[in-house]
Amino acid sequence: MPIHTVVDIHTGVVVHTLQGTLEIQEAFQAFDSQFDLPDYQPGMPAVWGFRQADVNGLSADEVRKY
């Protein structure tokens with residue numbers, strides 16, 4: 001699943017946009033990689049866009065861990 005992550009420097013928000021079938025490990029990797037983005041500042045809020053994501057393959061336990 002493609003996960004596109006950007007830091008919106010105007011609003012100070014990290015935006016993750018997900019498309020296709022979600023694999024939980026990809027989401028964890030996207031979360032961890034946001035800290036390495038050049039414009040990231042500690043404490044920035046994040047928005048996750050799931051509108052184009054298929055999460056039907058995730059179990060309740062996986063979602064709770066996330």
# chains A, B, ... in the order shown; residues from 1 in each chain; ligands from 1

call {"tool": "select_by_dssp", "arguments": {"residues": "segment 4-36 of chain A", "states": "alpha helix (DSSP H)", "output": "ChimeraX atom specification"}}
result
/A:24-33

call {"tool": "residues_around", "arguments": {"residues": "Val6 of chain A", "least_positions_apart": "5", "cutoff": "12 Å", "atoms": "only C-alpha atoms", "output": "VMD selection string"}}
result
chain A and resid 11 to 18 30 to 31 33 to 40 44 46 to 49

call {"tool": "atom_distance", "arguments": {"atom1": "atom CA of Val55 of chain A", "atom2": "atom CA of Gly43 of chain A"}}
result
27.1 Å

call {"tool": "atom_distance", "arguments": {"atom1": "atom CA of Val63 of chain A", "atom2": "atom CA of Asp8 of chain A"}}
result
26.1 Å

call {"tool": "select_by_dssp", "arguments": {"residues": "segment 3-54 of chain A", "states": "strand (DSSP E)", "output": "list in words"}}
result
Ile3, His4, Thr5, Val6, Val7, Asp8, Val13, Val14, Val15, His16, Thr17, Leu18, Gln19, Gly20, Thr21, Ala46, Val47, Trp48, Gly49, Phe50, Arg51, Gln52, Ala53 and Asp54 of chain A

call {"tool": "atom_distance", "arguments": {"atom1": "atom CA of Val7 of chain A", "atom2": "atom CA of Gly20 of chain A"}}
result
21.5 Å

call {"tool": "closest_residue", "arguments": {"among": "A:Pro42, A:His10, A:His4, A:Phe50", "to": "Gln29 of chain A", "atoms": "only C-alpha atoms"}}
result
A:His4

call {"tool": "residues_around", "arguments": {"residues": "Glu23 of chain A", "least_positions_apart": "6", "cutoff": "12 Å", "atoms": "only C-alpha atoms", "output": "number ranges by chain"}}
result
A: 1-3, 29-30, 53-59, 62-63, 66

call {"tool": "closest_residue", "arguments": {"among": "A:Gln19, A:Ile24, A:Lys65, A:Asp32", "to": "Gln52 of chain A", "atoms": "only C-alpha atoms"}}
result
A:Gln19
